[in-house]
Structure formats: C-alpha cells, structure tokens
file data16.csv (CSV, C-alpha atoms (C1' of nucleotides) and all ligand atoms)
chain,number,residue,atom,x,y,z
M,1,MET,CA,-6.5,2.9,0.4
M,2,PHE,CA,-4.9,4.1,3.6
M,3,SER,CA,-1.7,2.8,5.1
M,4,LYS,CA,-2.0,0.7,8.3
M,5,ALA,CA,-0.3,3.6,10.1
M,6,CYS,CA,-3.0,5.9,8.9
M,7,GLU,CA,-5.8,3.6,9.9
M,8,TYR,CA,-4.3,3.4,13.4
M,9,GLY,CA,-3.9,7.1,13.5
M,10,ILE,CA,-7.5,7.8,12.6
M,11,LYS,CA,-8.8,5.2,15.1
M,12,ALA,CA,-6.5,6.4,17.8
M,13,SER,CA,-7.5,10.0,17.3
M,14,ILE,CA,-11.2,9.1,17.6
M,15,PHE,CA,-10.5,7.3,20.9
M,16,ILE,CA,-8.5,10.1,22.2
M,17,ALA,CA,-11.2,12.5,21.3
M,18,ILE,CA,-13.8,10.5,23.2
M,19,SER,CA,-11.5,10.2,26.3
M,20,SER,CA,-10.7,13.9,26.1
M,21,SER,CA,-14.3,14.8,25.9
M,22,GLU,CA,-14.6,13.0,29.2
M,23,GLY,CA,-11.6,14.8,30.6
M,24,LYS,CA,-9.3,11.7,30.6
M,25,ARG,CA,-5.8,11.4,29.1
M,26,VAL,CA,-4.9,8.1,27.6
M,27,THR,CA,-1.7,6.1,27.2
M,28,PRO,CA,-0.5,4.2,24.1
M,29,LYS,CA,-1.3,1.0,26.0
M,30,GLU,CA,-5.0,1.9,26.5
M,31,ILE,CA,-5.2,3.2,22.9
M,32,ALA,CA,-3.7,0.1,21.4
M,33,GLU,CA,-6.1,-2.1,23.4
M,34,GLU,CA,-9.1,0.0,22.4
M,35,ILE,CA,-8.3,0.1,18.7
M,36,ASN,CA,-6.7,-3.3,18.5
M,37,SER,CA,-3.3,-2.2,17.2
M,38,PRO,CA,0.4,-2.9,18.0
M,39,GLN,CA,1.3,-0.7,20.9
M,40,ALA,CA,4.8,0.4,20.1
M,41,PHE,CA,3.9,1.1,16.5
M,42,THR,CA,0.9,3.0,17.6
M,43,ALA,CA,3.1,5.1,19.9
M,44,LYS,CA,5.2,6.1,16.9
M,45,ILE,CA,2.2,7.3,15.0
M,46,LEU,CA,1.0,9.3,18.0
M,47,GLN,CA,4.3,11.1,18.0
M,48,ALA,CA,3.7,12.1,14.4
M,49,LEU,CA,0.2,13.3,15.2
M,50,VAL,CA,1.7,15.4,18.1
M,51,LYS,CA,4.3,16.9,15.8
M,52,HIS,CA,1.6,17.8,13.3
M,53,ASP,CA,-0.5,19.4,16.1
M,54,VAL,CA,-3.4,17.0,15.7
M,55,ILE,CA,-3.2,15.7,19.3
M,56,ASN,CA,-1.4,16.9,22.4
M,57,SER,CA,1.0,14.9,24.6
M,58,VAL,CA,1.8,15.4,28.3
M,59,LYS,CA,5.0,13.8,29.5
M,60,GLY,CA,5.6,12.3,32.9
M,61,ALA,CA,3.4,10.7,35.5
M,62,TYR,CA,-0.3,11.2,35.0
M,63,GLY,CA,0.5,12.3,31.5
M,64,GLY,CA,-0.7,10.8,28.2
M,65,PHE,CA,-2.4,11.9,25.0
M,66,GLU,CA,-5.3,14.3,24.8
M,67,ILE,CA,-7.1,16.7,22.4
M,68,ASP,CA,-8.1,20.2,23.4
M,69,LYS,CA,-11.9,19.8,24.1
M,70,ASN,CA,-13.0,22.7,22.0
M,71,GLN,CA,-10.8,21.5,19.1
M,72,ILE,CA,-12.5,18.1,18.7
M,73,ASN,CA,-15.2,19.6,16.4
M,74,LYS,CA,-12.6,21.4,14.3
M,75,ILE,CA,-10.2,18.6,13.6
M,76,LYS,CA,-10.8,17.0,10.2
M,77,LEU,CA,-9.8,13.6,9.0
M,78,ALA,CA,-7.8,15.2,6.3
M,79,GLN,CA,-5.4,16.6,8.9
M,80,ILE,CA,-4.7,13.1,10.3
M,81,VAL,CA,-4.3,11.6,6.9
M,82,ASN,CA,-2.0,14.4,5.9
M,83,ALA,CA,0.1,14.1,9.0
M,84,ILE,CA,0.7,10.4,8.4
M,85,ASP,CA,0.4,9.6,4.6
M,86,GLY,CA,1.2,13.1,3.3
M,87,ASP,CA,-0.6,14.5,0.3
M,88,LYS,CA,0.2,11.8,-2.1
M,89,ILE,CA,-3.5,10.7,-2.1
M,90,TYR,CA,-4.4,14.0,-3.8
M,91,ARG,CA,-1.2,14.8,-5.7
M,92,GLY,CA,-0.3,11.3,-6.9
M,93,CYS,CA,-1.3,9.8,-10.2
M,94,GLY,CA,-3.7,6.9,-10.0
M,95,LEU,CA,-1.5,4.9,-12.4
M,96,GLY,CA,1.8,6.0,-11.0
M,97,LEU,CA,2.9,8.7,-13.4
M,98,GLU,CA,5.5,11.0,-11.9
M,99,LYS,CA,2.8,13.5,-11.1
M,100,CYS,CA,-0.9,14.0,-11.8
M,101,ASP,CA,-1.0,16.6,-14.5
M,102,GLU,CA,-3.9,17.9,-16.4
M,103,ASN,CA,-1.6,18.6,-19.4
M,104,HIS,CA,-0.1,15.1,-19.3
M,105,PRO,CA,-2.9,12.9,-18.0
M,106,CYS,CA,-2.7,9.2,-17.6
M,107,PRO,CA,-5.5,7.1,-19.2
M,108,VAL,CA,-7.7,7.2,-16.1
M,109,HIS,CA,-7.0,10.7,-15.0
M,110,ASP,CA,-10.5,12.2,-15.5
M,111,LYS,CA,-12.4,9.3,-13.9
M,112,PHE,CA,-9.9,9.0,-11.1
M,113,LYS,CA,-9.8,12.6,-10.3
M,114,SER,CA,-13.5,12.8,-9.7
M,115,ILE,CA,-13.3,9.9,-7.2
M,116,ARG,CA,-10.3,11.4,-5.6
M,117,ASN,CA,-12.1,14.7,-5.2
M,118,ASN,CA,-15.0,13.0,-3.5
M,119,LEU,CA,-12.5,11.4,-1.1
M,120,GLN,CA,-10.8,14.7,-0.5
M,121,PHE,CA,-14.1,16.5,0.2
M,122,MET,CA,-15.1,13.7,2.6
M,123,LEU,CA,-11.8,13.9,4.5
M,124,GLU,CA,-11.9,17.7,4.6
M,125,HIS,CA,-15.5,17.8,5.9
M,126,THR,CA,-15.5,14.9,8.4
M,127,THR,CA,-14.7,16.0,11.9
M,128,LEU,CA,-13.4,13.9,14.8
M,129,GLU,CA,-16.4,15.0,16.8
M,130,GLU,CA,-19.0,13.4,14.5
M,131,LEU,CA,-17.0,10.1,14.4
M,132,ALA,CA,-16.6,10.1,18.1
M,133,LEU,CA,-20.3,10.6,18.7
M,134,ASP,CA,-21.1,7.6,16.6
M,135,ILE,CA,-18.7,5.5,18.7
M,136,LYS,CA,-20.2,6.8,21.9
M,137,SER,CA,-23.8,6.0,20.8
M,138,GLY,CA,-22.8,2.5,19.7
M,139,ALA,CA,-23.6,3.3,16.0
M,140,SER,CA,-20.0,2.4,15.0
M,141,PHE,CA,-17.0,0.5,16.3
M,142,LEU,CA,-13.2,0.8,16.6
M,143,LYS,CA,-12.2,-2.8,16.6
M,144,VAL,CA,-13.0,-6.5,15.6
C,1,MET,CA,-4.8,3.4,-4.1
C,2,PHE,CA,-3.7,0.6,-6.4
C,3,SER,CA,-0.6,-1.5,-5.9
C,4,LYS,CA,2.4,-0.9,-8.2
C,5,ALA,CA,1.6,-4.4,-9.6
C,6,CYS,CA,-1.9,-3.2,-10.5
C,7,GLU,CA,-0.7,0.0,-12.0
C,8,TYR,CA,1.6,-1.9,-14.2
C,9,GLY,CA,-1.1,-4.4,-15.1
C,10,ILE,CA,-3.5,-1.7,-16.2
C,11,LYS,CA,-1.0,0.2,-18.3
C,12,ALA,CA,0.4,-3.0,-19.8
C,13,SER,CA,-3.2,-4.1,-20.7
C,14,ILE,CA,-3.9,-0.8,-22.4
C,15,PHE,CA,-0.7,-1.1,-24.5
C,16,ILE,CA,-1.4,-4.7,-25.4
C,17,ALA,CA,-4.9,-3.6,-26.4
C,18,ILE,CA,-3.5,-1.0,-28.7
C,19,SER,CA,-0.9,-3.4,-30.3
C,20,SER,CA,-3.5,-6.1,-30.7
C,21,SER,CA,-5.9,-3.7,-32.4
C,22,GLU,CA,-3.1,-3.2,-34.9
C,23,GLY,CA,-2.5,-7.0,-35.2
C,24,LYS,CA,0.8,-7.0,-33.3
C,25,ARG,CA,1.9,-9.2,-30.5
C,26,VAL,CA,4.2,-7.6,-27.9
C,27,THR,CA,6.9,-8.9,-25.5
C,28,PRO,CA,7.5,-8.0,-21.9
C,29,LYS,CA,10.5,-6.0,-23.1
C,30,GLU,CA,8.4,-3.8,-25.4
C,31,ILE,CA,5.7,-3.4,-22.8
C,32,ALA,CA,8.1,-2.5,-20.0
C,33,GLU,CA,9.7,0.2,-22.3
C,34,GLU,CA,6.3,1.5,-23.3
C,35,ILE,CA,4.9,1.8,-19.8
C,36,ASN,CA,8.2,2.5,-18.0
C,37,SER,CA,8.1,-0.5,-15.7
C,38,PRO,CA,10.6,-3.1,-14.5
C,39,GLN,CA,10.6,-5.8,-17.2
C,40,ALA,CA,10.8,-9.0,-15.1
C,41,PHE,CA,8.3,-7.8,-12.6
C,42,THR,CA,6.0,-6.8,-15.4
C,43,ALA,CA,6.3,-10.3,-16.9
C,44,LYS,CA,5.1,-11.8,-13.6
C,45,ILE,CA,2.1,-9.6,-13.7
C,46,LEU,CA,1.4,-10.5,-17.3
C,47,GLN,CA,1.3,-14.2,-16.2
C,48,ALA,CA,-1.3,-13.4,-13.7
C,49,LEU,CA,-3.4,-11.6,-16.3
C,50,VAL,CA,-3.1,-14.6,-18.6
C,51,LYS,CA,-4.2,-16.9,-15.8
C,52,HIS,CA,-7.3,-14.7,-15.2
C,53,ASP,CA,-8.1,-14.7,-18.9
C,54,VAL,CA,-7.6,-10.9,-19.3
C,55,ILE,CA,-4.9,-11.3,-21.9
C,56,ASN,CA,-3.6,-14.1,-24.0
C,57,SER,CA,-0.1,-15.4,-24.4
C,58,VAL,CA,1.6,-17.2,-27.3
C,59,LYS,CA,4.8,-19.1,-26.4
C,60,GLY,CA,7.8,-19.5,-28.6
C,61,ALA,CA,9.3,-17.6,-31.5
C,62,TYR,CA,7.1,-14.9,-32.8
C,63,GLY,CA,5.0,-15.2,-29.7
C,64,GLY,CA,4.1,-12.6,-27.2
C,65,PHE,CA,1.0,-11.2,-25.5
C,66,GLU,CA,-2.2,-10.1,-27.2
C,67,ILE,CA,-5.9,-9.5,-26.6
C,68,ASP,CA,-8.6,-10.9,-28.8
C,69,LYS,CA,-9.5,-8.0,-31.0
C,70,ASN,CA,-13.2,-8.2,-30.4
C,71,GLN,CA,-12.8,-8.5,-26.6
C,72,ILE,CA,-11.0,-5.2,-26.2
C,73,ASN,CA,-14.3,-3.3,-25.9
C,74,LYS,CA,-15.6,-5.9,-23.4
C,75,ILE,CA,-12.7,-6.0,-20.9
C,76,LYS,CA,-13.3,-3.8,-17.9
C,77,LEU,CA,-10.7,-2.3,-15.6
C,78,ALA,CA,-12.4,-4.2,-12.8
C,79,GLN,CA,-11.2,-7.5,-14.3
C,80,ILE,CA,-7.6,-6.3,-14.2
C,81,VAL,CA,-7.8,-5.0,-10.7
C,82,ASN,CA,-9.5,-8.1,-9.6
C,83,ALA,CA,-6.9,-10.3,-11.2
C,84,ILE,CA,-4.0,-8.6,-9.4
C,85,ASP,CA,-5.3,-7.0,-6.2
C,86,GLY,CA,-8.3,-9.2,-5.6
C,87,ASP,CA,-11.5,-7.9,-4.2
C,88,LYS,CA,-10.1,-6.3,-1.1
C,89,ILE,CA,-10.9,-2.9,-2.5
C,90,TYR,CA,-14.6,-3.6,-2.3
C,91,ARG,CA,-14.7,-6.1,0.6
C,92,GLY,CA,-12.1,-4.5,2.9
C,93,CYS,CA,-12.9,-2.0,5.6
C,94,GLY,CA,-11.5,1.5,5.1
C,95,LEU,CA,-10.1,1.5,8.7
C,96,GLY,CA,-8.9,-2.1,8.7
C,97,LEU,CA,-11.7,-3.9,10.6
C,98,GLU,CA,-11.7,-7.6,9.9
C,99,LYS,CA,-14.4,-7.1,7.3
C,100,CYS,CA,-16.7,-4.3,6.1
C,101,ASP,CA,-20.0,-5.1,7.8
C,102,GLU,CA,-23.2,-3.0,7.8
C,103,ASN,CA,-24.0,-4.5,11.2
C,104,HIS,CA,-20.7,-3.7,12.7
C,105,PRO,CA,-19.5,-0.6,10.8
C,106,CYS,CA,-16.3,1.3,11.5
C,107,PRO,CA,-16.6,5.1,12.1
C,108,VAL,CA,-16.2,6.0,8.4
C,109,HIS,CA,-18.2,3.1,6.9
C,110,ASP,CA,-21.0,5.1,5.4
C,111,LYS,CA,-18.9,7.9,3.9
C,112,PHE,CA,-16.2,5.4,2.8
C,113,LYS,CA,-18.7,3.1,1.2
C,114,SER,CA,-20.1,5.7,-1.1
C,115,ILE,CA,-16.7,6.6,-2.4
C,116,ARG,CA,-15.8,3.0,-2.8
C,117,ASN,CA,-19.0,2.4,-4.7
C,118,ASN,CA,-18.1,5.2,-7.1
C,119,LEU,CA,-14.7,3.6,-7.6
C,120,GLN,CA,-16.3,0.2,-8.2
C,121,PHE,CA,-18.8,1.6,-10.7
C,122,MET,CA,-16.0,3.4,-12.5
C,123,LEU,CA,-13.9,0.2,-12.7
C,124,GLU,CA,-16.8,-1.9,-13.8
C,125,HIS,CA,-17.8,0.5,-16.6
C,126,THR,CA,-14.5,1.6,-18.0
C,127,THR,CA,-13.3,-0.6,-20.9
C,128,LEU,CA,-9.9,-1.1,-22.2
C,129,GLU,CA,-11.1,0.1,-25.6
C,130,GLU,CA,-11.9,3.7,-24.5
C,131,LEU,CA,-8.6,4.0,-22.6
C,132,ALA,CA,-6.7,2.7,-25.6
C,133,LEU,CA,-8.4,5.2,-27.9
C,134,ASP,CA,-7.3,8.1,-25.7
C,135,ILE,CA,-3.7,6.9,-25.9
C,136,LYS,CA,-3.9,6.5,-29.6
C,137,SER,CA,-5.3,10.0,-30.1
C,138,GLY,CA,-2.7,11.5,-27.8
C,139,ALA,CA,-5.2,12.6,-25.3
C,140,SER,CA,-3.5,10.6,-22.5
C,141,PHE,CA,-0.2,9.0,-21.8
C,142,LEU,CA,1.3,5.7,-20.4
C,143,LYS,CA,4.5,7.1,-19.1
C,144,VAL,CA,6.7,9.9,-17.7
Q,1,DA,C1',15.6,14.4,46.6
Q,2,DT,C1',13.5,10.1,45.3
Q,3,DT,C1',10.4,7.4,43.0
Q,4,DA,C1',7.1,5.9,39.7
Q,5,DA,C1',4.9,6.8,35.5
Q,6,DA,C1',4.8,8.5,31.2
Q,7,DT,C1',6.4,10.3,26.3
Q,8,DA,C1',10.5,10.6,22.9
Q,9,DG,C1',13.3,8.6,20.0
Q,10,DG,C1',17.0,5.7,18.2
Q,11,DA,C1',18.1,0.9,16.9
Q,12,DT,C1',16.7,-3.3,15.3
Q,13,DA,C1',13.6,-7.1,13.6
Q,14,DT,C1',9.9,-8.9,10.8
Q,15,DT,C1',6.8,-9.0,7.0
Q,16,DT,C1',5.1,-7.6,2.7
Q,17,DT,C1',5.8,-5.6,-1.7
Q,18,DT,C1',8.6,-4.8,-5.4
Q,19,DA,C1',12.2,-6.3,-8.3
Q,20,DT,C1',15.8,-9.5,-10.4
Q,21,DC,C1',17.8,-13.7,-12.2
Q,22,DC,C1',18.0,-18.0,-14.3
Q,23,DG,C1',16.8,-22.4,-16.2
Q,24,DA,C1',12.9,-25.2,-18.3
Q,25,DA,C1',9.4,-25.7,-21.7
Q,26,DA,C1',7.2,-24.4,-26.0
Q,27,DT,C1',7.1,-23.0,-30.8
Q,28,DA,C1',8.1,-21.2,-35.4
Q,29,DA,C1',11.5,-20.8,-38.9
Q,30,DA,C1',15.5,-22.4,-41.3
S,1,DT,C1',16.5,-31.6,-36.5
S,2,DT,C1',18.6,-27.6,-35.1
S,3,DT,C1',18.3,-23.0,-33.7
S,4,DA,C1',16.5,-18.8,-32.1
S,5,DT,C1',12.9,-16.7,-29.6
S,6,DT,C1',9.6,-16.5,-26.4
S,7,DT,C1',6.6,-17.5,-22.1
S,8,DC,C1',6.6,-20.0,-17.6
S,9,DG,C1',7.9,-20.5,-13.1
S,10,DG,C1',10.9,-21.1,-9.1
S,11,DA,C1',14.5,-19.0,-6.3
S,12,DT,C1',16.5,-14.9,-4.6
S,13,DA,C1',17.4,-10.1,-3.7
S,14,DA,C1',16.3,-5.4,-2.4
S,15,DA,C1',13.3,-2.0,-0.7
S,16,DA,C1',9.5,-0.4,1.9
S,17,DA,C1',6.1,-0.9,5.5
S,18,DT,C1',5.0,-2.7,9.7
S,19,DA,C1',6.4,-3.9,14.3
S,20,DT,C1',9.4,-4.5,18.5
S,21,DC,C1',12.8,-3.2,22.0
S,22,DC,C1',15.4,-0.5,24.9
S,23,DT,C1',17.1,3.7,26.9
S,24,DA,C1',16.8,8.7,27.8
S,25,DT,C1',14.1,12.4,29.3
S,26,DT,C1',10.2,14.5,31.6
S,27,DT,C1',7.1,15.2,35.3
S,28,DA,C1',3.9,14.6,39.3
S,29,DA,C1',3.5,12.8,43.7
S,30,DT,C1',5.6,11.5,48.0
M,201,LIG,S1,-2.4,11.8,-14.3
M,201,LIG,FE1,-3.0,9.9,-13.5
M,201,LIG,S2,-4.5,10.5,-12.2
M,201,LIG,FE2,-4.0,12.4,-13.0
M,202,LIG,S1,-16.8,-1.2,8.2
M,202,LIG,FE1,-15.2,0.1,7.7
M,202,LIG,S2,-15.7,0.6,5.7
M,202,LIG,FE2,-17.3,-0.7,6.2
call {"tool": "encode", "arguments": {"input": "data16.csv", "output": "structure tokens", "more": "lines below"}}
Ligand code: FES
Ligand code: FES
result
Amino acid sequence: MFSKACEYGIKASIFIAISSSEGKRVTPKEIAEEINSPQAFTAKILQALVKHDVINSVKGAYGGFEIDKNQINKIKLAQIVNAIDGDKIYRGCGLGLEKCDENHPCPVHDKFKSIRNNLQFMLEHTTLEELALDIKSGASFLKV
Amino acid sequence: MFSKACEYGIKASIFIAISSSEGKRVTPKEIAEEINSPQAFTAKILQALVKHDVINSVKGAYGGFEIDKNQINKIKLAQIVNAIDGDKIYRGCGLGLEKCDENHPCPVHDKFKSIRNNLQFMLEHTTLEELALDIKSGASFLKV
DNA sequence: ATTAAATAGGATATTTTTATCCGAAATAAA
DNA sequence: TTTATTTCGGATAAAAATATCCTATTTAAT
C-alpha cells in the first residue's frame, strides 16, 4: 500500500508530534529507535518532510526535528504521504494504465476508484494529533 | 497498490477469459501484446497462475493458455491477487508492524482496516466474467 | 575562537522487483 | 519419426527501492 519510506515518514511524524507537544526536539537516532527503522534512511525521509513543510528542523547543537505545537492538529496524513510518495495513489490507475481516466477506464476503474476515494478521504481527514493521542494513551503502538 | 506482476496477472487473466469464451487458446506473445506487458515476464506470471489453478496451460504445438469456459464466472480477482502477491494485503499492517494485530494496533489500524476490508470484499466479489464483459462491450480497456 | 552536537546532502552499497535470455520438455501435425 | 510450436524453468540482467557511509555546514555553549 505505502512504501517503506512512507511508513517511516508517518511513524516518525507521529513521534515528533508527541515530543513536540512535550516541548522536546528529537534526533534521527531517537526517532529511529522509537519507530524501529534504519536511522540514516529515516534521516533522508525527514529531510523530505522538512522540504515539504510538514516538520521543522533546527541545525546545530541542541537542534533536532520538531513540529510547531499549534500545527499538530492541522497536519493531515495526506500531506505526509504526498511529500514522500507523491500523488500516484490518487492519480495512478489500479491496473497500471498510463493514467486513470474516466473516458478510458481499466476493467476495475469504478470499483477501484471508490476504494481509493475512501483512502483519500481518510488520509485527508486524519490528523497527526489524533494519532499521537492514541499513542500517548497506549491505545496504539509505533513498533514491534 | 498491486505489484506490476499482479497488474499483469489480472489483465492477462481477463484477456484469457475473453479468448477462452470464444474457444481460443492464447500464447504469452498475444497476451503481452494485448495487455502491453513484457512478454517473458508475463510468461512467468502465467506459470504462477497455472500453479494456483487460476488458468490452464496446454503444452506443445497448438497449445497455449485458457480458462475452463464455465469457470470464468466463478474466478474472483482475489484468487489472482492471492496467487501472485499472497495475502499480505489483508494480513500486513498498513504501517509495517510485524503483523496487523487488534491487540497491538498501529496508529492507523482501525481506519486502515475498514478500507482494506472494502478492498477485500471487492476482490472477493468481482468475477473475471464481469470484467471480461466490459472489455468486450468496449466499456473498459486493457491497455494504453 | 574553539568545541561539541546536530542537520544536509552526495556517494555508494544492498536488496527486491522487474525484466530478459536460453535450453529442456511436451505435443500435435505432417 | 521428424518437425514445428509451445510451455516450463533456471540463470542472468537491469532498474528501483531500501539502506549505509562519510563529509560539509550550521549552531549553541564554553
Ligand atoms: S483507469 Fe484504472 S483505476 Fe481508473
Ligand atoms: S496494526 Fe497496522 S493496520 Fe492493523
């Protein structure tokens, strides 16, 4: 469904959101440990998220990654997925035709489109805040 | 969403279904042309579909691939996906946790599960026959 | 200024997926 | 029986995704 890079990106963002809500910046090392991901690869993904203004980075000593506290309830999963995997989830054809086109649909277009719309709606309406809250309360987990 | 191999497998199966309904066997060459896929790679996928009893192969001159005429309305997309990509679509965690587990859910488990269930239902209820009919009538397309 | 800690980013390596190639085995027709 | 055609299956090759490594740059504290 999502690429590994995207999975790491989502989990990392949730962890950064939690830390930022507690006023702490975090390093790629801490993040990788918390979400059980390869550190250097995760660092690359964090760069992409910074470039797309999902998270913020502070260079130098006492630096790290953070998210503006009052942005946490505004950031949607869709932004993260879009920053890393692009919009091929929405634009691409489920059977690999050049593009998904109402006027030249593949055999599963209608059925696929409805599922994809559900996915899109979910991504566009799920905030980092709600996911972070579930982690904090122990209702969900970032690793194992 | 699906692997390339799976996309080719689905499109190939639809084309074989159409040909078989007209009493014709087809070769990997014809299939690859019809679905715009790499021939040798497609042939490998056809082998997997044969092994999983989705399609039938006849070796030797005048041989090729076919589907038992009165099976076309019984074969579900789920069988093809399962033959090629396995059951990781259903079993796997959306965020890459070791397994998708109600008692140890990832942050998107609930939301993801409902979408995945829709997908599963769609795959388990869509037959090769209905997809083949749409191609025949010109309502959908296998390439470009 | 110097130092230590941190991100940025290029280069490279590994693994997985996708794709190609070729010879062996099977089969129908001549 | 010979030949032509076709699937089967193993061995590679190429491309993409994932992962690692190393150096440069930035920055806060001393
Ligand atoms: S054309 Fe294939 S999903 Fe729309
Ligand atoms: S645990 Fe992640 S989808 Fe179920």
call {"tool": "residues_near_ligand", "arguments": {"input": "data16.csv", "ligand": "ligand LIG 201 (chain M)", "cutoff": "12 Å", "atoms": "all atoms listed in the file", "output": "ChimeraX atom specification"}}
result
/M:88-117 /C:1-2,7,10-11,139-144
call {"tool": "write_last_selection", "arguments": {"input": "data16.csv", "atoms": "C-alpha atoms", "output": "PDB file, keeping the file's coordinate frame"}}
result
ATOM      1  CA  LYS M  88       0.200  11.800  -2.100  1.00  0.00           C
ATOM      2  CA  ILE M  89      -3.500  10.700  -2.100  1.00  0.00           C
ATOM      3  CA  TYR M  90      -4.400  14.000  -3.800  1.00  0.00           C
ATOM      4  CA  ARG M  91      -1.200  14.800  -5.700  1.00  0.00           C
ATOM      5  CA  GLY M  92      -0.300  11.300  -6.900  1.00  0.00           C
ATOM      6  CA  CYS M  93      -1.300   9.800 -10.200  1.00  0.00           C
ATOM      7  CA  GLY M  94      -3.700   6.900 -10.000  1.00  0.00           C
ATOM      8  CA  LEU M  95      -1.500   4.900 -12.400  1.00  0.00           C
ATOM      9  CA  GLY M  96       1.800   6.000 -11.000  1.00  0.00           C
ATOM     10  CA  LEU M  97       2.900   8.700 -13.400  1.00  0.00           C
ATOM     11  CA  GLU M  98       5.500  11.000 -11.900  1.00  0.00           C
ATOM     12  CA  LYS M  99       2.800  13.500 -11.100  1.00  0.00           C
ATOM     13  CA  CYS M 100      -0.900  14.000 -11.800  1.00  0.00           C
ATOM     14  CA  ASP M 101      -1.000  16.600 -14.500  1.00  0.00           C
ATOM     15  CA  GLU M 102      -3.900  17.900 -16.400  1.00  0.00           C
ATOM     16  CA  ASN M 103      -1.600  18.600 -19.400  1.00  0.00           C
ATOM     17  CA  HIS M 104      -0.100  15.100 -19.300  1.00  0.00           C
ATOM     18  CA  PRO M 105      -2.900  12.900 -18.000  1.00  0.00           C
ATOM     19  CA  CYS M 106      -2.700   9.200 -17.600  1.00  0.00           C
ATOM     20  CA  PRO M 107      -5.500   7.100 -19.200  1.00  0.00           C
ATOM     21  CA  VAL M 108      -7.700   7.200 -16.100  1.00  0.00           C
ATOM     22  CA  HIS M 109      -7.000  10.700 -15.000  1.00  0.00           C
ATOM     23  CA  ASP M 110     -10.500  12.200 -15.500  1.00  0.00           C
ATOM     24  CA  LYS M 111     -12.400   9.300 -13.900  1.00  0.00           C
ATOM     25  CA  PHE M 112      -9.900   9.000 -11.100  1.00  0.00           C
ATOM     26  CA  LYS M 113      -9.800  12.600 -10.300  1.00  0.00           C
ATOM     27  CA  SER M 114     -13.500  12.800  -9.700  1.00  0.00           C
ATOM     28  CA  ILE M 115     -13.300   9.900  -7.200  1.00  0.00           C
ATOM     29  CA  ARG M 116     -10.300  11.400  -5.600  1.00  0.00           C
ATOM     30  CA  ASN M 117     -12.100  14.700  -5.200  1.00  0.00           C
TER      31      ASN M 117
ATOM     32  CA  MET C   1      -4.800   3.400  -4.100  1.00  0.00           C
ATOM     33  CA  PHE C   2      -3.700   0.600  -6.400  1.00  0.00           C
ATOM     34  CA  GLU C   7      -0.700   0.000 -12.000  1.00  0.00           C
ATOM     35  CA  ILE C  10      -3.500  -1.700 -16.200  1.00  0.00           C
ATOM     36  CA  LYS C  11      -1.000   0.200 -18.300  1.00  0.00           C
ATOM     37  CA  ALA C 139      -5.200  12.600 -25.300  1.00  0.00           C
ATOM     38  CA  SER C 140      -3.500  10.600 -22.500  1.00  0.00           C
ATOM     39  CA  PHE C 141      -0.200   9.000 -21.800  1.00  0.00           C
ATOM     40  CA  LEU C 142       1.300   5.700 -20.400  1.00  0.00           C
ATOM     41  CA  LYS C 143       4.500   7.100 -19.100  1.00  0.00           C
ATOM     42  CA  VAL C 144       6.700   9.900 -17.700  1.00  0.00           C
TER      43      VAL C 144
END
call {"tool": "residues_around", "arguments": {"input": "data16.csv", "residues": "range 12-25 of chain C", "least_positions_apart": "6", "cutoff": "8 Å", "atoms": "all atoms listed in the file", "output": "ChimeraX atom specification"}}
result
/C:31-32,34-35,46,55,63-69,72,128-129,131-133,136
call {"tool": "interface_residues", "arguments": {"input": "data16.csv", "of": "chain M", "to": "chain Q", "cutoff": "12 Å", "atoms": "all atoms listed in the file", "output": "list in words"}}
result
Arg25, Val26, Thr27, Pro28, Lys29, Ala40, Ala43, Lys44, Ile45, Leu46, Gln47, Ala48, Val50, Lys51, Asn56, Ser57, Val58, Lys59, Gly60, Ala61, Tyr62, Gly63, Gly64 and Phe65 of chain M
call {"tool": "atom_distance", "arguments": {"input": "data16.csv", "atom1": "CA of Ile135 in chain M", "atom2": "atom S2 of ligand LIG 202 (chain M)"}}
result
14.2 Å
call {"tool": "atom_distance", "arguments": {"input": "data16.csv", "atom1": "C1' of DA13 in chain S", "atom2": "CA of Asp85 in chain C"}}
result
23.0 Å
call {"tool": "atom_distance", "arguments": {"input": "data16.csv", "atom1": "CA of Leu49 in chain M", "atom2": "CA of Ala83 in chain M"}}
result
6.3 Å
call {"tool": "interface_residues", "arguments": {"input": "data16.csv", "of": "chain S", "to": "chain M", "cutoff": "7 Å", "atoms": "only C-alpha atoms (C1' of nucleotides)", "output": "number ranges by chain"}}
result
S: 19-20, 26-28
call {"tool": "axis_aligned_box", "arguments": {"input": "data16.csv", "around": "range 17-22 of chain Q", "padding_each_side": "8 Å", "output": "lines of an AutoDock Vina configuration file"}}
result
center_x = 11.9
center_y = -11.4
center_z = -8.0
size_x = 28.2
size_y = 29.2
size_z = 28.6
call {"tool": "residues_around", "arguments": {"input": "data16.csv", "residues": "His125 in chain C", "least_positions_apart": "6", "cutoff": "9 Å", "atoms": "all atoms listed in the file", "output": "list in words"}}
result
Lys76, Leu77 and Ala78 of chain C
